[in-house]
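Trainee: Sharing a structure here in structure tokens format.
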Amino acid sequence: MYKKSNTSISRRNILKAGASAALFSMSGLTLFSPRVNAATIIYNFVAESYVKTMVDGVNITAWRFRDLDGTTSGPGDLSAGIVAQSGDTIVVNLTNNLTTSIQFDMPGVLENQAVINPGASITYNIAAPEAGSYLFRDNKIAEFGQAMGLIGPMVILPSNGSQTLYDGGPAFDRQYTLVLNDFDDRLNSATANGQSYDLNNFEANYYFVNGLSYPNTSTDVDTKIAMSMGEDVAIRFINGGLLTHSMHFHGYHVRVISRDRVPVTDIIDKDTVVVNPGECVDVILPVNQLGKFPLHTHYIPAVTANGVYVNPYGGSLLILDAT
Ligand SMILES: [Cu+2]
């Protein structure tokens, strides 16, 4: 993939996957209207088991957070996501519909919370923190819930309504949120069958951006990075998985603005950005040429789907499309 050219992404491949839902954008990430006054925003989430169809047609039992209100779903194939302004009050009503207990967790915001037993609900009143990108997840058995898919993004915009990555931070013309994670289908199968699985044996074979694998990443409006010449595009990488991904840009260089909301002071132009497990990395991509280029992890197994490489389908690879 390192030298892959845009011409190898065929029009046929791009079109055949069809259109996917765009609820994170539709719900307000890209359409977010800045407010002068703080608001209270209510999210009604469940944690549940479901069957997720992989890009190669294989069905896998997974876990997810799902927004019961539907219209406020997560980006791409993720079914829960939070968007608010700093200073808002975020109310999360979370019901655990799994048969095992969970522990809701937002690193840096909401930690060491009470366990939610099967069938139980807990309401969290969260003061929306400083602007930036955040991960929420299950932390009951560290990493296990994440490996099953219990993750979601939270995007906090500045309280002053400015279209910047943080208060006083760099402005952007449009923004995308890319949540990274990975499945080891043996772990999913064991869990579905009520068996335990040793995370030391975790070896992923399906890889996702916003819950999608290539080529479905290239037709989803939340996940395909559509850009216009001259824009500064903000990309928020949120790694909800167990693997480190070095996200590699073809065609462009980006500036790393912050890691876990800590501004990066020594900003240089890079074509590869490391995103560690649990980490949120915000970058700005200045669009200085037209064309279609891939953005993919340099952890090469992760551009496959159960060992199959890119054609006809793959993993954590998406398309940058500047028109
Ligand atoms: Cu490449």
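Ordered as shown in the structure tokens, chains take letters A, B, and onward, while each chain numbers its residues from 1 and ligands are numbered from 1 in the order shown.
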If DSSP is run on the backbone, what residues of segment 46-270 of chain A are strand (DSSP E)? A reply as a VMD selection string would be ideal.
Mentor: chain A and resid 46 to 53 59 to 67 82 to 85 89 to 96 104 to 105 121 to 127 132 to 138 151 to 157 174 to 183 206 to 209 225 to 227 232 to 239 245 to 249 254 to 259 262 to 263 269 to 270
Trainee: Write down as number ranges by chain the residues of segment 11-178 of chain A whose backbone DSSP state falls under alpha helix (DSSP H).
Mentor: A: 11-16, 23-27, 144-148
Trainee: Restricting it to C-alpha atoms, dump the selection as a compact mmCIF listing (two decimals), in the first residue's frame.
Mentor:
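The resulting file, result.txt, is reproduced below:
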```txt
# COMPACT_ATOMS: atom_id res chain seq x y z
CA ARG A 11 -14.69 3.50 -9.87
CA ARG A 12 -16.43 0.14 -9.81
CA ASN A 13 -15.09 -0.59 -6.35
CA ILE A 14 -16.14 2.79 -5.09
CA LEU A 15 -19.67 2.52 -6.38
CA LYS A 16 -20.55 -1.06 -5.67
CA LEU A 23 -25.98 10.03 11.12
CA PHE A 24 -23.05 11.57 12.92
CA SER A 25 -22.85 14.24 10.27
CA MET A 26 -26.61 14.51 10.00
CA SER A 27 -26.91 14.75 13.76
CA PHE A 144 -12.23 -6.62 26.76
CA GLY A 145 -15.32 -4.50 26.17
CA GLN A 146 -13.35 -2.44 23.67
CA ALA A 147 -12.30 -5.61 21.86
CA MET A 148 -16.00 -6.49 21.59
```
Trainee: Within 10 Å of segment 304-309 of chain A, counting only C-alpha atoms, which residues qualify if same-chain residues fewer than 4 places away don't, as a list in words?
Mentor: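 Returned residues: Met1, Met54, Val55, Asp56, Val58, Phe183, Asp184, Asp185, Ala204, Asn205, Tyr206, Tyr207, Phe208, Ser213, Tyr214, Ile300, Tyr313, Gly314, Gly315, Ser316 and Leu317 of chain A.
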Trainee: Ile126 of chain A: which residues within 9 Å, counting only C-alpha atoms, same-chain residues fewer than 2 positions away excluded, as a list in words?
Mentor: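 Once the adjacent positions are removed, what remains is Asp88, Thr89, Ile90, Val91, Val92, Val109, Leu110, Tyr124, Ala128 and Pro129 of chain A.
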Trainee: Selected residues, N, CA and C atoms, written as a PDB file, in the first residue's frame, please.
Mentor:
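Output saved as again_31.pdb:
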```
ATOM      1  N   ASP A  88     -21.556  22.827  28.054  1.00  0.00           N
ATOM      2  CA  ASP A  88     -22.865  22.172  28.042  1.00  0.00           C
ATOM      3  C   ASP A  88     -22.938  21.142  29.175  1.00  0.00           C
ATOM      4  N   THR A  89     -24.149  20.730  29.475  1.00  0.00           N
ATOM      5  CA  THR A  89     -24.339  19.566  30.339  1.00  0.00           C
ATOM      6  C   THR A  89     -24.764  18.401  29.459  1.00  0.00           C
ATOM      7  N   ILE A  90     -24.019  17.316  29.554  1.00  0.00           N
ATOM      8  CA  ILE A  90     -24.324  16.122  28.776  1.00  0.00           C
ATOM      9  C   ILE A  90     -24.929  15.098  29.730  1.00  0.00           C
ATOM     10  N   VAL A  91     -26.146  14.687  29.434  1.00  0.00           N
ATOM     11  CA  VAL A  91     -26.800  13.657  30.249  1.00  0.00           C
ATOM     12  C   VAL A  91     -26.787  12.370  29.437  1.00  0.00           C
ATOM     13  N   VAL A  92     -26.151  11.341  29.983  1.00  0.00           N
ATOM     14  CA  VAL A  92     -26.161  10.031  29.331  1.00  0.00           C
ATOM     15  C   VAL A  92     -26.955   9.076  30.203  1.00  0.00           C
ATOM     16  N   VAL A 109     -12.364  12.298  31.671  1.00  0.00           N
ATOM     17  CA  VAL A 109     -13.616  13.001  31.954  1.00  0.00           C
ATOM     18  C   VAL A 109     -14.429  12.285  33.027  1.00  0.00           C
ATOM     19  N   LEU A 110     -14.636  10.995  32.824  1.00  0.00           N
ATOM     20  CA  LEU A 110     -15.538  10.221  33.674  1.00  0.00           C
ATOM     21  C   LEU A 110     -14.858   8.878  33.905  1.00  0.00           C
ATOM     22  N   TYR A 124     -25.635   9.555  33.882  1.00  0.00           N
ATOM     23  CA  TYR A 124     -24.411  10.343  34.099  1.00  0.00           C
ATOM     24  C   TYR A 124     -24.696  11.788  33.720  1.00  0.00           C
ATOM     25  N   ALA A 128     -19.600  19.167  30.071  1.00  0.00           N
ATOM     26  CA  ALA A 128     -18.804  19.032  28.848  1.00  0.00           C
ATOM     27  C   ALA A 128     -17.447  19.681  29.064  1.00  0.00           C
ATOM     28  N   PRO A 129     -16.376  18.920  28.888  1.00  0.00           N
ATOM     29  CA  PRO A 129     -15.035  19.416  29.204  1.00  0.00           C
ATOM     30  C   PRO A 129     -14.494  20.345  28.123  1.00  0.00           C
TER      31      PRO A 129
END
```
Trainee: Near segment 279-295 of chain A, counting only C-alpha atoms, which residues have an atom at most 6 Å away, once you skip same-chain residues fewer than 5 positions from it, shown as a ChimeraX atom specification?
Mentor: /A:6,133,229-239,248-251,254-260,317-323
Trainee: Deliver the residues from the most recent selection as a file, using N, CA and C atoms, as a compact mmCIF listing (two decimals), in the first residue's frame.
Mentor:
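Written output follows (again-v2.txt):
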```txt
# COMPACT_ATOMS: atom_id res chain seq x y z
N ASN A 6 -3.73 6.39 -6.68
CA ASN A 6 -5.18 6.56 -6.66
C ASN A 6 -5.85 5.83 -7.81
N SER A 133 -11.24 16.00 21.26
CA SER A 133 -11.77 14.68 20.90
C SER A 133 -11.59 13.72 22.06
N MET A 229 -10.28 22.24 -2.53
CA MET A 229 -8.98 22.87 -2.66
C MET A 229 -8.89 24.12 -1.76
N GLY A 230 -7.80 24.23 -1.02
CA GLY A 230 -7.56 25.41 -0.19
C GLY A 230 -8.11 25.30 1.22
N GLU A 231 -8.88 24.28 1.50
CA GLU A 231 -9.45 24.14 2.85
C GLU A 231 -8.42 23.59 3.83
N ASP A 232 -8.67 23.88 5.10
CA ASP A 232 -8.00 23.18 6.20
C ASP A 232 -9.01 22.21 6.78
N VAL A 233 -8.71 20.91 6.68
CA VAL A 233 -9.65 19.89 7.12
C VAL A 233 -9.16 19.28 8.43
N ALA A 234 -10.01 19.33 9.45
CA ALA A 234 -9.67 18.71 10.74
C ALA A 234 -10.05 17.24 10.70
N ILE A 235 -9.13 16.38 11.11
CA ILE A 235 -9.40 14.95 11.23
C ILE A 235 -9.10 14.54 12.66
N ARG A 236 -10.10 13.94 13.30
CA ARG A 236 -9.97 13.50 14.69
C ARG A 236 -9.83 11.98 14.70
N PHE A 237 -8.64 11.49 14.99
CA PHE A 237 -8.44 10.04 15.13
C PHE A 237 -8.72 9.66 16.58
N ILE A 238 -9.59 8.69 16.77
CA ILE A 238 -9.91 8.20 18.12
C ILE A 238 -9.71 6.69 18.09
N ASN A 239 -8.70 6.20 18.78
CA ASN A 239 -8.37 4.78 18.71
C ASN A 239 -9.06 4.04 19.86
N HIS A 248 -1.23 6.66 7.70
CA HIS A 248 -0.35 7.18 6.65
C HIS A 248 -1.17 7.85 5.56
N PHE A 249 -0.82 9.09 5.28
CA PHE A 249 -1.52 9.88 4.25
C PHE A 249 -0.75 9.82 2.94
N HIS A 250 -1.44 9.46 1.88
CA HIS A 250 -0.88 9.66 0.54
C HIS A 250 -1.34 11.04 0.05
N GLY A 251 -0.49 11.72 -0.67
CA GLY A 251 -0.89 12.96 -1.35
C GLY A 251 -0.78 14.21 -0.51
N VAL A 254 0.06 16.43 7.01
CA VAL A 254 -0.84 16.99 8.02
C VAL A 254 -0.02 17.54 9.18
N ARG A 255 -0.69 18.36 9.99
CA ARG A 255 -0.08 18.91 11.20
C ARG A 255 -0.79 18.32 12.40
N VAL A 256 -0.03 17.67 13.26
CA VAL A 256 -0.62 17.14 14.49
C VAL A 256 -0.83 18.31 15.45
N ILE A 257 -2.08 18.53 15.83
CA ILE A 257 -2.43 19.68 16.66
C ILE A 257 -2.46 19.31 18.13
N SER A 258 -3.01 18.13 18.46
CA SER A 258 -3.08 17.76 19.87
C SER A 258 -3.15 16.24 20.00
N ARG A 259 -2.67 15.77 21.16
CA ARG A 259 -2.79 14.35 21.54
C ARG A 259 -3.49 14.29 22.89
N ASP A 260 -4.62 13.63 22.93
CA ASP A 260 -5.43 13.61 24.15
C ASP A 260 -5.62 15.02 24.71
N LEU A 317 -8.58 1.37 5.67
CA LEU A 317 -8.14 2.17 4.53
C LEU A 317 -9.33 2.99 4.07
N LEU A 318 -9.10 4.27 3.85
CA LEU A 318 -10.19 5.12 3.37
C LEU A 318 -9.64 6.07 2.32
N ILE A 319 -10.53 6.87 1.77
CA ILE A 319 -10.17 7.69 0.62
C ILE A 319 -10.24 9.17 0.97
N LEU A 320 -9.18 9.89 0.63
CA LEU A 320 -9.17 11.35 0.67
C LEU A 320 -9.54 11.82 -0.74
N ASP A 321 -10.55 12.63 -0.85
CA ASP A 321 -11.06 12.99 -2.18
C ASP A 321 -11.19 14.52 -2.25
N ALA A 322 -10.22 15.15 -2.90
CA ALA A 322 -10.22 16.60 -3.00
C ALA A 322 -10.72 17.03 -4.38
N THR A 323 -11.77 17.82 -4.39
CA THR A 323 -12.33 18.30 -5.66
C THR A 323 -12.34 19.82 -5.69
```
Trainee: Which residue gives the smallest distance to Val46 of chain A among A:Leu187, A:Ala127, A:Leu98, A:Met227, with only C-alpha atoms counted?
Mentor: A:Leu98
Trainee: Find the residues around His298 of chain A up to 8 Å (only C-alpha atoms counted), leave out those fewer than 4 positions away in its own chain, and share them as a PyMOL selection string.
Mentor: chain A and resi 2+245-248+302
Trainee: For each of A:Ile122, A:Val209, A:Leu94, A:Ala131, take the minimum atom-to-atom distance to Ala80 of chain A, counting only C-alpha atoms, then give the residue where this is smallest.
Mentor: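 The closest residue to Ala80 of chain A is A:Leu94.
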Trainee: Please list as a VMD selection string every residue within 6 Å of segment 112-117 of chain A, counting only C-alpha atoms and excluding residues in the same chain fewer than 4 positions away.
Mentor: chain A and resid 101 to 103
Trainee: Quick check, in Å to one decimal: how far apart do atom CA of Thr219 of chain A and atom CA of Ala47 of chain A lie?
Mentor: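 Taking atom CA of Thr219 of chain A and atom CA of Ala47 of chain A, their separation equals 27.1 Å.
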Trainee: Restricting the calculation to only C-alpha atoms and all ligand atoms, which member of A:Leu242, A:Tyr299, A:Ile141, A:Pro75 is positioned closest to ligand 1?
Mentor: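 With only C-alpha atoms and all ligand atoms as the atom set, the closest residue is A:Tyr299.
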Trainee: Quick one: of A:Asn200, A:Ser159, A:Gln175, A:Gln195, who's nearest to Glu143 of chain A, counting only C-alpha atoms?
Mentor: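 Among the listed residues, the smallest separation from Glu143 of chain A belongs to A:Asn200.
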